[in-house]
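Structure data (PDB, C-alpha atoms) from structure.pdb:
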```
ATOM      1  CA  MET A   1     -13.090  11.970  -3.468
ATOM      2  CA  TYR A   2     -16.300  12.773  -1.545
ATOM      3  CA  ASN A   3     -19.824  11.416  -1.570
ATOM      4  CA  ASP A   4     -23.075  13.436  -1.516
ATOM      5  CA  ASN A   5     -22.847  13.794   2.248
ATOM      6  CA  ASN A   6     -19.360  15.277   1.905
ATOM      7  CA  GLU A   7     -17.929  12.194   3.592
ATOM      8  CA  ALA A   8     -14.269  11.647   2.705
ATOM      9  CA  MET A   9     -13.579   8.494   0.680
ATOM     10  CA  CYS A  10     -10.418   6.850  -0.550
ATOM     11  CA  LEU A  11     -10.569   4.890  -3.810
ATOM     12  CA  ARG A  12      -8.285   1.867  -4.049
ATOM     13  CA  MET A  13      -7.755  -0.773  -6.716
ATOM     14  CA  VAL A  14      -7.666  -4.154  -5.010
ATOM     15  CA  ARG A  15      -5.773  -6.972  -6.718
ATOM     16  CA  ILE A  16      -6.350 -10.574  -5.674
ATOM     17  CA  ASP A  17      -4.713 -13.067  -8.002
ATOM     18  CA  HIS A  18      -6.370 -12.550 -11.409
ATOM     19  CA  CYS A  19      -9.099 -10.216 -10.121
ATOM     20  CA  ASN A  20      -8.920  -6.405  -9.916
ATOM     21  CA  PHE A  21     -11.752  -4.388  -8.386
ATOM     22  CA  ALA A  22     -12.254  -0.890  -7.018
ATOM     23  CA  ALA A  23     -13.088  -0.196  -3.389
ATOM     24  CA  GLU A  24     -13.873   2.992  -1.498
ATOM     25  CA  ILE A  25     -12.668   3.128   2.073
ATOM     26  CA  LEU A  26     -15.121   4.666   4.521
ATOM     27  CA  GLN A  27     -15.065   5.082   8.266
ATOM     28  CA  GLY A  28     -15.293   1.511   9.484
ATOM     29  CA  ASN A  29     -16.610   0.103   6.218
ATOM     30  CA  VAL A  30     -15.864  -0.368   2.511
ATOM     31  CA  ARG A  31     -17.839   0.120  -0.690
ATOM     32  CA  VAL A  32     -16.958  -2.407  -3.402
ATOM     33  CA  ASN A  33     -17.445  -2.583  -7.170
ATOM     34  CA  LEU A  34     -19.191  -5.952  -7.504
ATOM     35  CA  THR A  35     -19.298  -5.795 -11.302
ATOM     36  CA  GLN A  36     -15.516  -5.682 -11.490
ATOM     37  CA  MET A  37     -15.203  -8.397  -8.873
ATOM     38  CA  ALA A  38     -17.421 -10.740 -10.907
ATOM     39  CA  LYS A  39     -15.829 -10.122 -14.303
ATOM     40  CA  PRO A  40     -12.943 -12.675 -14.124
ATOM     41  CA  PHE A  41     -15.430 -15.340 -13.030
ATOM     42  CA  ARG A  42     -17.719 -14.564 -15.991
ATOM     43  CA  LYS A  43     -20.666 -14.031 -13.683
ATOM     44  CA  ARG A  44     -23.136 -11.170 -13.330
ATOM     45  CA  VAL A  45     -24.321  -9.321 -10.256
ATOM     46  CA  SER A  46     -27.909  -9.476 -11.508
ATOM     47  CA  ASP A  47     -27.844 -13.288 -11.453
ATOM     48  CA  TRP A  48     -26.744 -13.278  -7.816
ATOM     49  CA  LEU A  49     -29.434 -10.749  -6.886
ATOM     50  CA  ARG A  50     -32.110 -13.084  -8.275
ATOM     51  CA  THR A  51     -31.222 -15.799  -5.755
ATOM     52  CA  ASP A  52     -33.348 -16.197  -2.647
ATOM     53  CA  SER A  53     -30.277 -16.307  -0.414
ATOM     54  CA  ALA A  54     -29.064 -12.930  -1.735
ATOM     55  CA  GLN A  55     -32.437 -11.275  -1.175
ATOM     56  CA  GLU A  56     -32.726 -12.726   2.334
ATOM     57  CA  TYR A  57     -29.231 -11.526   3.209
ATOM     58  CA  LEU A  58     -29.814  -8.007   1.844
ATOM     59  CA  GLU A  59     -33.049  -7.777   3.836
ATOM     60  CA  ALA A  60     -31.213  -8.819   7.004
ATOM     61  CA  VAL A  61     -28.454  -6.234   6.453
ATOM     62  CA  ALA A  62     -31.040  -3.533   5.670
ATOM     63  CA  LEU A  63     -32.892  -4.361   8.893
ATOM     64  CA  GLN A  64     -29.691  -4.096  10.909
ATOM     65  CA  GLN A  65     -28.757  -0.791   9.223
ATOM     66  CA  LYS A  66     -32.335   0.515   9.482
ATOM     67  CA  CYS A  67     -32.602   1.267   5.772
ATOM     68  CA  VAL A  68     -34.293  -0.171   2.685
ATOM     69  CA  THR A  69     -32.493  -2.801   0.580
ATOM     70  CA  ALA A  70     -32.252  -0.364  -2.343
ATOM     71  CA  ASP A  71     -29.868   1.755  -0.265
ATOM     72  CA  LEU A  72     -27.384  -1.103  -0.024
ATOM     73  CA  LEU A  73     -26.607  -1.176  -3.758
ATOM     74  CA  GLU A  74     -25.738   1.540  -6.252
ATOM     75  CA  VAL A  75     -25.361   1.425 -10.044
ATOM     76  CA  ARG A  76     -22.855   3.944 -11.396
ATOM     77  CA  TYR A  77     -22.520   5.107 -14.984
ATOM     78  CA  GLY A  78     -19.894   7.196 -16.775
ATOM     79  CA  GLY A  79     -16.610   8.508 -15.442
ATOM     80  CA  LEU A  80     -13.571   6.316 -14.996
ATOM     81  CA  PRO A  81     -13.953   2.627 -15.958
ATOM     82  CA  GLU A  82     -13.223   1.516 -12.396
ATOM     83  CA  MET A  83     -16.157   3.610 -11.164
ATOM     84  CA  GLN A  84     -18.735   2.026 -13.473
ATOM     85  CA  GLY A  85     -20.945  -0.889 -12.461
ATOM     86  CA  THR A  86     -22.900  -2.122  -9.454
ATOM     87  CA  TRP A  87     -21.455  -1.233  -6.050
ATOM     88  CA  CYS A  88     -22.417  -2.496  -2.614
ATOM     89  CA  ASN A  89     -22.308  -0.182   0.370
ATOM     90  CA  ASP A  90     -21.294  -2.728   2.992
ATOM     91  CA  ARG A  91     -18.280  -5.034   3.353
ATOM     92  CA  ARG A  92     -20.478  -7.936   4.425
ATOM     93  CA  ILE A  93     -22.378  -7.846   1.141
ATOM     94  CA  ALA A  94     -19.117  -7.892  -0.819
ATOM     95  CA  LEU A  95     -18.008 -10.956   1.138
ATOM     96  CA  ARG A  96     -21.335 -12.729   0.614
ATOM     97  CA  PHE A  97     -21.099 -12.003  -3.120
ATOM     98  CA  ALA A  98     -17.498 -13.244  -3.210
ATOM     99  CA  GLN A  99     -18.630 -16.521  -1.610
ATOM    100  CA  TRP A 100     -21.088 -16.943  -4.467
ATOM    101  CA  LEU A 101     -18.262 -16.386  -6.957
ATOM    102  CA  ASP A 102     -15.696 -18.698  -5.352
ATOM    103  CA  VAL A 103     -15.231 -19.819  -1.739
ATOM    104  CA  ARG A 104     -11.415 -19.626  -1.735
ATOM    105  CA  PHE A 105     -11.566 -16.209  -3.384
ATOM    106  CA  ALA A 106     -13.983 -15.079  -0.665
ATOM    107  CA  VAL A 107     -11.433 -15.869   2.046
ATOM    108  CA  ALA A 108      -8.910 -13.562   0.349
ATOM    109  CA  VAL A 109     -11.582 -10.860  -0.102
ATOM    110  CA  ASP A 110     -12.498 -10.977   3.583
ATOM    111  CA  THR A 111      -8.837 -10.618   4.558
ATOM    112  CA  ILE A 112      -8.047  -7.738   2.194
ATOM    113  CA  LEU A 113     -11.206  -5.756   3.009
ATOM    114  CA  LEU A 114     -10.471  -5.945   6.725
ATOM    115  CA  LYS A 115      -6.934  -4.754   6.031
ATOM    116  CA  LEU A 116      -8.365  -1.886   3.993
ATOM    117  CA  ILE A 117     -10.515  -0.787   6.899
ATOM    118  CA  PHE A 118      -7.593  -0.888   9.327
ATOM    119  CA  GLY A 119      -5.096   0.611   6.873
ATOM    120  CA  GLU A 120      -2.972  -2.527   6.645
ATOM    121  CA  ALA A 121      -3.560  -3.524   3.009
ATOM    122  CA  VAL A 122      -0.717  -3.987   0.538
ATOM    123  CA  PHE A 123      -1.011  -2.033  -2.714
ATOM    124  CA  ALA A 124       1.223  -1.966  -5.757
ATOM    125  CA  GLU A 125       1.297   0.109  -8.892
ATOM    126  CA  PRO A 126       2.132  -1.170 -12.390
ATOM    127  CA  ILE A 127       5.778  -1.002 -13.455
ATOM    128  CA  ASN A 128       6.532  -0.325 -17.099
ATOM    129  CA  GLY A 129       2.896  -1.104 -17.855
ATOM    130  CA  VAL A 130       3.021  -4.523 -16.123
ATOM    131  CA  GLU A 131       0.220  -5.048 -13.587
ATOM    132  CA  PRO A 132       1.164  -6.867 -10.369
ATOM    133  CA  VAL A 133      -0.688  -9.553  -8.451
ATOM    134  CA  ILE A 134      -0.720  -9.706  -4.669
ATOM    135  CA  SER A 135       0.289 -13.031  -3.140
ATOM    136  CA  GLY A 136       1.536 -13.731   0.351
ATOM    137  CA  GLY A 137       1.191 -10.082   1.307
ATOM    138  CA  ARG A 138       3.476  -8.713  -1.420
ATOM    139  CA  ALA A 139       3.405  -7.685  -5.078
ATOM    140  CA  TRP A 140       4.643 -10.002  -7.842
ATOM    141  CA  TYR A 141       5.145  -9.218 -11.541
ATOM    142  CA  ASN A 142       5.003 -11.673 -14.429
ATOM    143  CA  TYR A 143       8.605 -12.261 -15.589
ATOM    144  CA  ARG A 144       7.759 -12.640 -19.282
ATOM    145  CA  ASP A 145       5.644  -9.492 -19.239
ATOM    146  CA  ALA A 146       8.570  -7.673 -17.613
ATOM    147  CA  GLN A 147      10.905  -8.898 -20.377
ATOM    148  CA  SER A 148       8.418  -7.795 -23.012
ATOM    149  CA  SER A 149       8.155  -4.334 -21.437
ATOM    150  CA  PHE A 150      11.897  -3.916 -22.070
ATOM    151  CA  GLY A 151      11.457  -4.828 -25.742
ATOM    152  CA  LEU A 152      12.884  -8.329 -25.214
ATOM    153  CA  SER A 153      11.466 -11.659 -26.311
ATOM    154  CA  ARG A 154       8.815 -13.194 -24.042
ATOM    155  CA  LYS A 155      10.427 -16.567 -24.745
ATOM    156  CA  SER A 156      13.574 -15.613 -22.865
ATOM    157  CA  SER A 157      14.360 -18.261 -20.226
ATOM    158  CA  ALA A 158      14.329 -17.281 -16.572
ATOM    159  CA  SER A 159      16.305 -20.329 -15.442
ATOM    160  CA  HIS A 160      19.739 -18.705 -15.043
ATOM    161  CA  ARG A 161      18.362 -15.670 -13.223
ATOM    162  CA  LYS A 162      16.116 -17.820 -11.074
ATOM    163  CA  ALA A 163      19.079 -20.010 -10.112
ATOM    164  CA  ALA A 164      21.122 -16.953  -9.152
ATOM    165  CA  MET A 165      18.316 -15.100  -7.321
ATOM    166  CA  PRO A 166      15.734 -17.689  -6.184
ATOM    167  CA  GLN A 167      14.406 -15.384  -3.469
ATOM    168  CA  CYS A 168      13.264 -12.933  -6.170
ATOM    169  CA  PHE A 169      11.084 -15.475  -7.995
ATOM    170  CA  ASN A 170       7.751 -17.085  -7.221
ATOM    171  CA  MET A 171       5.805 -19.640  -9.255
ATOM    172  CA  LEU A 172       2.167 -18.501  -9.542
ATOM    173  CA  TYR A 173      -0.453 -19.992 -11.884
ATOM    174  CA  GLY A 174       2.305 -22.049 -13.517
ATOM    175  CA  ARG A 175       4.324 -18.961 -14.459
ATOM    176  CA  ASN A 176       7.402 -17.199 -13.104
ATOM    177  CA  PHE A 177       6.748 -13.974 -11.185
ATOM    178  CA  ILE A 178       9.364 -11.601  -9.767
ATOM    179  CA  THR A 179       9.461  -9.141  -6.892
ATOM    180  CA  LYS A 180       9.058  -5.406  -7.333
ATOM    181  CA  GLU A 181      12.663  -4.858  -6.251
ATOM    182  CA  TYR A 182      14.020  -7.294  -8.834
ATOM    183  CA  PHE A 183      11.812  -5.798 -11.551
ATOM    184  CA  LEU A 184      13.226  -2.343 -10.790
ATOM    185  CA  THR A 185      16.756  -3.776 -10.852
ATOM    186  CA  LEU A 186      16.143  -5.304 -14.280
ATOM    187  CA  GLN A 187      14.601  -2.038 -15.441
ATOM    188  CA  SER A 188      17.700  -0.091 -14.362
ATOM    189  CA  TYR A 189      19.986  -2.644 -16.015
ATOM    190  CA  HIS A 190      18.184  -2.543 -19.358
ATOM    191  CA  SER A 191      17.990   1.259 -19.201
ATOM    192  CA  TRP A 192      21.760   1.374 -18.648
ATOM    193  CA  ARG A 193      22.361  -1.017 -21.557
ATOM    194  CA  GLU A 194      20.208   1.110 -23.835
ATOM    195  CA  GLN A 195      22.117   4.252 -22.849
ATOM    196  CA  CYS A 196      25.444   2.509 -23.522
ATOM    197  CA  ARG A 197      24.211   1.351 -26.907
ATOM    198  CA  GLN A 198      23.402   4.904 -27.880
ATOM    199  CA  LEU A 199      26.702   6.373 -26.725
ATOM    200  CA  THR A 200      29.052   7.687 -29.407
ATOM    201  CA  PHE A 201      32.783   8.177 -29.200
ATOM    202  CA  ASP A 202      34.897  10.534 -31.297
ATOM    203  CA  PHE A 203      37.875   8.816 -32.976
ATOM    204  CA  SER A 204      40.001  10.881 -35.369
ATOM    205  CA  GLY A 205      37.162  13.143 -36.225
ATOM    206  CA  GLY A 206      34.715  10.290 -36.820
ATOM    207  CA  GLU A 207      31.965   8.907 -34.653
ATOM    208  CA  VAL A 208      31.686   5.265 -33.729
ATOM    209  CA  SER A 209      28.431   4.011 -32.218
ATOM    210  CA  LEU A 210      28.462   1.153 -29.746
TER     211      LEU A 210
END
```

structure tokens encoding of this file:
Amino acid sequence: MYNDNNEAMCLRMVRIDHCNFAAEILQGNVRVNLTQMAKPFRKRVSDWLRTDSAQEYLEAVALQQKCVTADLLEVRYGGLPEMQGTWCNDRRIALRFAQWLDVRFAVAVDTILLKLIFGEAVFAEPINGVEPVISGGRAWYNYRDAQSSFGLSRKSSASHRKAAMPQCFNMLYGRNFITKEYFLTLQSYHSWREQCRQLTFDFSGGEVSL
């Protein structure tokens, strides 16, 4: 992806706990989709922009960058859903906005955006349609959602598997989450079981399905 100045950009989906937002990695900086960032908190970018502290901060950043405040924000329409909304063109603005949303969330945002700039961030793709969360520097997948993705009941207990493989489980938001590696192991196991179930054997000219 490239901007109007033909400057190379790299679009990433950042996941922090329950919040997913798009970010574009630039040379030494990051553009962030503030609309997506605010959505889980049920807040709007426009409300933040009306505050005196936001306007004062934007003016200070604009002065340092030798631009007008209007250049620091961009509203995008159309295209992919993750591209739509109000974007900021500076990591510091994203952090200031995150502080307005939630102070503890802002600490995680500051950490992940710095890692993005230096190429150290952890990213994870969905498995079987199950979106991961990032906690402790690694990806975790909701156990019940994983079970459901295999066509199994979400009510299935995790206790026996958790007892056997405690290192593969993590309790987040009061729910059991599993590692990517364990998810893939379960996926292979259920795929194998499904293949076995569909196998047929020929006995005396007749077929018997398992």

Spatial neighbours of Ile178 (chain A), max dist 6 Å, only C-alpha atoms, sep filter under 4 positions, as number ranges by chain: A: 140-141, 143, 168-169

For Gln187 (chain A), work out the shell of residues within 10 Å, counting only C-alpha atoms and skipping chain neighbours fewer than 6 positions away, then give it as a PyMOL selection string. chain A and resi 127-128+146-147+149-150+181+193

Residue IDs satisfying the PyMOL selection byres ((chain A and resi 32) around 6), as a VMD selection string: chain A and resid 23 31 33 to 34 87 to 88

Could you tell me which residues the PyMOL selection byres ((chain A and resi 25) around 8) returns for this structure, as number ranges by chain? A: 9-12, 23-24, 26-27, 29-31, 116-117

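In terms of minimum interatomic distance to Ala38 (chain A), A:Asn20 ranks closest within A:Asn20, A:Asn89, A:Ser148, A:Thr69, counting only C-alpha atoms.
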
Quick one: pull the distance between CA of Ala108 (chain A) and CA of Arg91 (chain A), Å, one decimal. 13.0 Å
